[in-house]
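Data file: target00.csv. Format and content: CSV, N, CA and C atoms.
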```csv
chain,number,residue,atom,x,y,z
A,1259,MET,N,-30.1,2.6,36.9
A,1259,MET,CA,-28.9,2.8,36.2
A,1259,MET,C,-29.0,4.2,35.6
A,1260,GLN,N,-27.9,4.9,35.7
A,1260,GLN,CA,-27.8,6.3,35.2
A,1260,GLN,C,-26.9,6.3,33.9
A,1261,LEU,N,-27.4,6.9,32.8
A,1261,LEU,CA,-26.6,7.0,31.6
A,1261,LEU,C,-25.9,8.3,31.5
A,1262,ARG,N,-24.7,8.3,31.1
A,1262,ARG,CA,-23.9,9.5,30.9
A,1262,ARG,C,-23.7,9.7,29.4
A,1263,ARG,N,-23.8,11.0,29.0
A,1263,ARG,CA,-23.5,11.4,27.7
A,1263,ARG,C,-22.0,11.4,27.4
A,1264,VAL,N,-21.6,10.8,26.4
A,1264,VAL,CA,-20.2,10.7,26.0
A,1264,VAL,C,-20.0,11.6,24.8
A,1265,THR,N,-19.0,12.5,24.9
A,1265,THR,CA,-18.7,13.4,23.8
A,1265,THR,C,-17.3,13.0,23.3
A,1266,ALA,N,-17.3,12.9,22.0
A,1266,ALA,CA,-16.0,12.5,21.3
A,1266,ALA,C,-15.2,13.7,21.0
A,1267,ARG,N,-13.9,13.7,21.2
A,1267,ARG,CA,-13.0,14.8,20.9
A,1267,ARG,C,-12.4,14.4,19.5
A,1268,ARG,N,-12.3,15.4,18.7
A,1268,ARG,CA,-11.6,15.2,17.4
A,1268,ARG,C,-10.1,15.3,17.6
A,1269,ARG,N,-9.4,14.3,17.0
A,1269,ARG,CA,-8.0,14.4,17.1
A,1269,ARG,C,-7.4,14.9,15.7
A,1270,THR,N,-6.4,15.6,15.8
A,1270,THR,CA,-5.8,16.1,14.6
A,1270,THR,C,-4.6,15.2,14.3
A,1271,LEU,N,-4.6,14.6,13.1
A,1271,LEU,CA,-3.5,13.7,12.8
A,1271,LEU,C,-2.5,14.4,11.9
A,1272,SER,N,-1.3,14.3,12.2
A,1272,SER,CA,-0.3,14.9,11.3
A,1272,SER,C,0.1,14.0,10.2
A,1273,ARG,N,0.4,14.5,9.1
A,1273,ARG,CA,0.8,13.7,7.9
A,1273,ARG,C,2.2,14.0,7.6
A,1274,PRO,N,2.9,13.0,7.2
A,1274,PRO,CA,4.3,13.2,6.7
A,1274,PRO,C,4.3,14.2,5.6
A,1275,SER,N,5.3,15.1,5.6
A,1275,SER,CA,5.4,16.1,4.6
A,1275,SER,C,5.7,15.7,3.2
A,1276,ASP,N,6.3,14.5,3.0
A,1276,ASP,CA,6.6,14.0,1.7
A,1276,ASP,C,5.5,13.2,1.0
A,1277,GLY,N,4.3,13.1,1.7
A,1277,GLY,CA,3.2,12.4,1.1
A,1277,GLY,C,3.2,10.9,1.3
A,1278,GLU,N,4.2,10.4,2.0
A,1278,GLU,CA,4.2,8.9,2.3
A,1278,GLU,C,3.4,8.7,3.5
A,1279,THR,N,2.7,7.5,3.5
A,1279,THR,CA,2.0,7.1,4.7
A,1279,THR,C,2.9,6.6,5.8
A,1280,VAL,N,4.0,6.0,5.4
A,1280,VAL,CA,4.9,5.4,6.3
A,1280,VAL,C,6.3,6.0,6.0
A,1281,PRO,N,6.9,6.7,7.0
A,1281,PRO,CA,8.2,7.3,6.7
A,1281,PRO,C,9.2,6.2,6.3
A,1282,LEU,N,9.9,6.4,5.2
A,1282,LEU,CA,10.9,5.5,4.7
A,1282,LEU,C,12.3,5.9,5.2
A,1283,LEU,N,13.1,5.0,5.7
A,1283,LEU,CA,14.4,5.3,6.2
A,1283,LEU,C,15.4,4.9,5.2
A,1284,ALA,N,16.0,5.8,4.5
A,1284,ALA,CA,17.0,5.5,3.5
A,1284,ALA,C,18.3,4.9,4.1
A,1285,ASP,N,18.5,5.2,5.3
A,1285,ASP,CA,19.8,4.7,5.9
A,1285,ASP,C,19.6,3.4,6.7
A,1286,ALA,N,18.5,2.7,6.5
A,1286,ALA,CA,18.3,1.5,7.2
A,1286,ALA,C,19.0,0.3,6.4
A,1287,PRO,N,20.2,-0.1,6.9
A,1287,PRO,CA,20.9,-1.1,6.1
A,1287,PRO,C,20.1,-2.5,6.1
A,1288,ILE,N,19.4,-2.8,7.1
A,1288,ILE,CA,18.7,-4.1,7.1
A,1288,ILE,C,17.6,-4.1,6.0
A,1289,TYR,N,16.8,-2.9,6.0
A,1289,TYR,CA,15.8,-2.8,4.9
A,1289,TYR,C,16.4,-2.8,3.5
A,1290,ALA,N,17.5,-2.1,3.4
A,1290,ALA,CA,18.1,-2.0,2.0
A,1290,ALA,C,18.6,-3.4,1.6
A,1291,ALA,N,19.1,-4.2,2.5
A,1291,ALA,CA,19.6,-5.6,2.1
A,1291,ALA,C,18.4,-6.4,1.8
A,1292,LEU,N,17.3,-6.3,2.6
A,1292,LEU,CA,16.1,-7.1,2.4
A,1292,LEU,C,15.5,-6.7,1.0
A,1293,ALA,N,15.4,-5.4,0.7
A,1293,ALA,CA,14.8,-5.0,-0.5
A,1293,ALA,C,15.6,-5.5,-1.7
A,1294,ARG,N,17.0,-5.5,-1.6
A,1294,ARG,CA,17.8,-6.0,-2.7
A,1294,ARG,C,17.6,-7.5,-2.9
A,1295,SER,N,17.4,-8.2,-1.8
A,1295,SER,CA,17.2,-9.6,-1.8
A,1295,SER,C,15.8,-9.9,-2.5
A,1296,TRP,N,14.8,-9.2,-2.1
A,1296,TRP,CA,13.5,-9.4,-2.7
A,1296,TRP,C,13.5,-9.0,-4.2
A,1297,ALA,N,14.1,-7.9,-4.6
A,1297,ALA,CA,14.2,-7.5,-6.0
A,1297,ALA,C,15.0,-8.6,-6.8
A,1298,SER,N,16.1,-9.1,-6.3
A,1298,SER,CA,16.8,-10.1,-7.0
A,1298,SER,C,16.1,-11.4,-7.2
A,1299,ALA,N,15.1,-11.7,-6.3
A,1299,ALA,CA,14.3,-12.9,-6.4
A,1299,ALA,C,13.0,-12.6,-7.2
A,1300,GLY,N,12.9,-11.4,-7.7
A,1300,GLY,CA,11.7,-11.1,-8.5
A,1300,GLY,C,10.4,-10.8,-7.7
A,1301,LYS,N,10.6,-10.5,-6.4
A,1301,LYS,CA,9.4,-10.2,-5.6
A,1301,LYS,C,9.2,-8.7,-5.6
A,1302,ALA,N,7.9,-8.4,-5.1
A,1302,ALA,CA,7.5,-7.0,-5.0
A,1302,ALA,C,8.3,-6.3,-3.9
A,1303,VAL,N,8.7,-5.1,-4.1
A,1303,VAL,CA,9.4,-4.3,-3.1
A,1303,VAL,C,8.6,-3.0,-2.8
A,1304,PRO,N,8.2,-2.8,-1.5
A,1304,PRO,CA,7.4,-1.6,-1.3
A,1304,PRO,C,8.1,-0.3,-1.8
A,1305,GLY,N,7.3,0.5,-2.4
A,1305,GLY,CA,7.8,1.8,-2.9
A,1305,GLY,C,8.3,1.7,-4.4
A,1306,GLN,N,8.3,0.5,-5.0
A,1306,GLN,CA,8.8,0.4,-6.3
A,1306,GLN,C,7.7,-0.1,-7.2
A,1307,TYR,N,7.8,0.2,-8.5
A,1307,TYR,CA,6.8,-0.2,-9.5
A,1307,TYR,C,6.6,-1.7,-9.5
A,1308,ASP,N,5.3,-2.1,-9.5
A,1308,ASP,CA,4.9,-3.5,-9.5
A,1308,ASP,C,4.0,-3.8,-10.6
A,1309,ARG,N,4.4,-4.3,-11.7
A,1309,ARG,CA,3.6,-4.5,-12.9
A,1309,ARG,C,2.4,-5.4,-12.6
A,1310,GLU,N,2.6,-6.5,-11.9
A,1310,GLU,CA,1.5,-7.4,-11.6
A,1310,GLU,C,0.4,-6.7,-10.8
A,1311,TRP,N,0.8,-5.9,-9.8
A,1311,TRP,CA,-0.2,-5.2,-9.0
A,1311,TRP,C,-1.0,-4.2,-9.9
A,1312,ILE,N,-0.3,-3.5,-10.8
A,1312,ILE,CA,-1.0,-2.6,-11.7
A,1312,ILE,C,-2.0,-3.3,-12.6
A,1313,ASN,N,-1.6,-4.5,-13.1
A,1313,ASN,CA,-2.5,-5.2,-14.0
A,1313,ASN,C,-3.7,-5.7,-13.2
A,1314,LEU,N,-3.5,-6.2,-12.0
A,1314,LEU,CA,-4.6,-6.6,-11.2
A,1314,LEU,C,-5.6,-5.5,-10.9
A,1315,MET,N,-5.1,-4.3,-10.6
A,1315,MET,CA,-5.9,-3.1,-10.3
A,1315,MET,C,-6.7,-2.6,-11.5
A,1316,ARG,N,-6.2,-2.9,-12.7
A,1316,ARG,CA,-6.9,-2.4,-13.9
A,1316,ARG,C,-8.1,-3.3,-14.2
A,1317,ARG,N,-8.2,-4.5,-13.7
A,1317,ARG,CA,-9.3,-5.4,-14.0
A,1317,ARG,C,-10.5,-4.9,-13.2
A,1318,PRO,N,-11.7,-5.2,-13.7
A,1318,PRO,CA,-12.9,-4.8,-13.0
A,1318,PRO,C,-13.0,-5.7,-11.7
A,1319,ALA,N,-13.6,-5.1,-10.7
A,1319,ALA,CA,-13.8,-5.9,-9.4
A,1319,ALA,C,-14.7,-7.1,-9.5
A,1320,TRP,N,-15.7,-7.0,-10.3
A,1320,TRP,CA,-16.7,-8.1,-10.5
A,1320,TRP,C,-16.8,-8.3,-12.0
A,1321,PRO,N,-16.8,-9.6,-12.4
A,1321,PRO,CA,-17.0,-9.9,-13.8
A,1321,PRO,C,-18.3,-9.4,-14.3
A,1322,ALA,N,-18.3,-9.1,-15.6
A,1322,ALA,CA,-19.6,-8.6,-16.3
A,1322,ALA,C,-20.6,-9.7,-16.2
A,1323,ALA,N,-21.8,-9.3,-15.9
A,1323,ALA,CA,-22.9,-10.3,-15.9
A,1323,ALA,C,-23.3,-10.7,-17.3
A,1324,GLU,N,-23.5,-12.0,-17.4
A,1324,GLU,CA,-23.9,-12.5,-18.7
A,1324,GLU,C,-25.4,-12.4,-18.9
A,1325,ARG,N,-25.8,-12.1,-20.1
A,1325,ARG,CA,-27.2,-11.9,-20.4
A,1325,ARG,C,-27.8,-13.0,-21.2
```

In structure tokens, what does this structure look like?
Amino acid sequence: MQLRRVTARRRTLSRPSDGETVPLLADAPIYAALARSWASAGKAVPGQYDREWINLMRRPAWPAAER
């Protein structure tokens, strides 16, 4: 068996200019209707402030060890 050396090429990834990881379409009527429906039901909507998520992220990942 003969082994070949594999060389990896680096890819350059372009990033959206506005800092978003996923481009948001403001003109998407289906998404706008869905976001309104979620917001009216009290559910989280991507791109909007979520108090519950913020509170979860402020907690330590592991409980403090008891001594």

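Distance-wise, CA of Val1303 in chain A and CA of Ala1290 in chain A end up 10.3 Å apart.
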
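Taking atom N of Arg1294 in chain A and atom N of Gln1306 in chain A as endpoints, the distance between them is 11.1 Å.
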
Q) So how far away is atom N of Arg1316 in chain A from CA of Ala1297 in chain A, in Å? A)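 So the two atoms, CA of Ala1297 in chain A and atom N of Arg1316 in chain A, lie 22.0 Å apart.
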
Q | Within 12 Å of Leu1292 in chain A using only C-alpha atoms, minus same-chain residues under 5 positions, as a list in words | A | Ala1286, Pro1287, Ala1297, Ser1298, Ala1299, Lys1301, Ala1302, Val1303 and Pro1304 of chain A
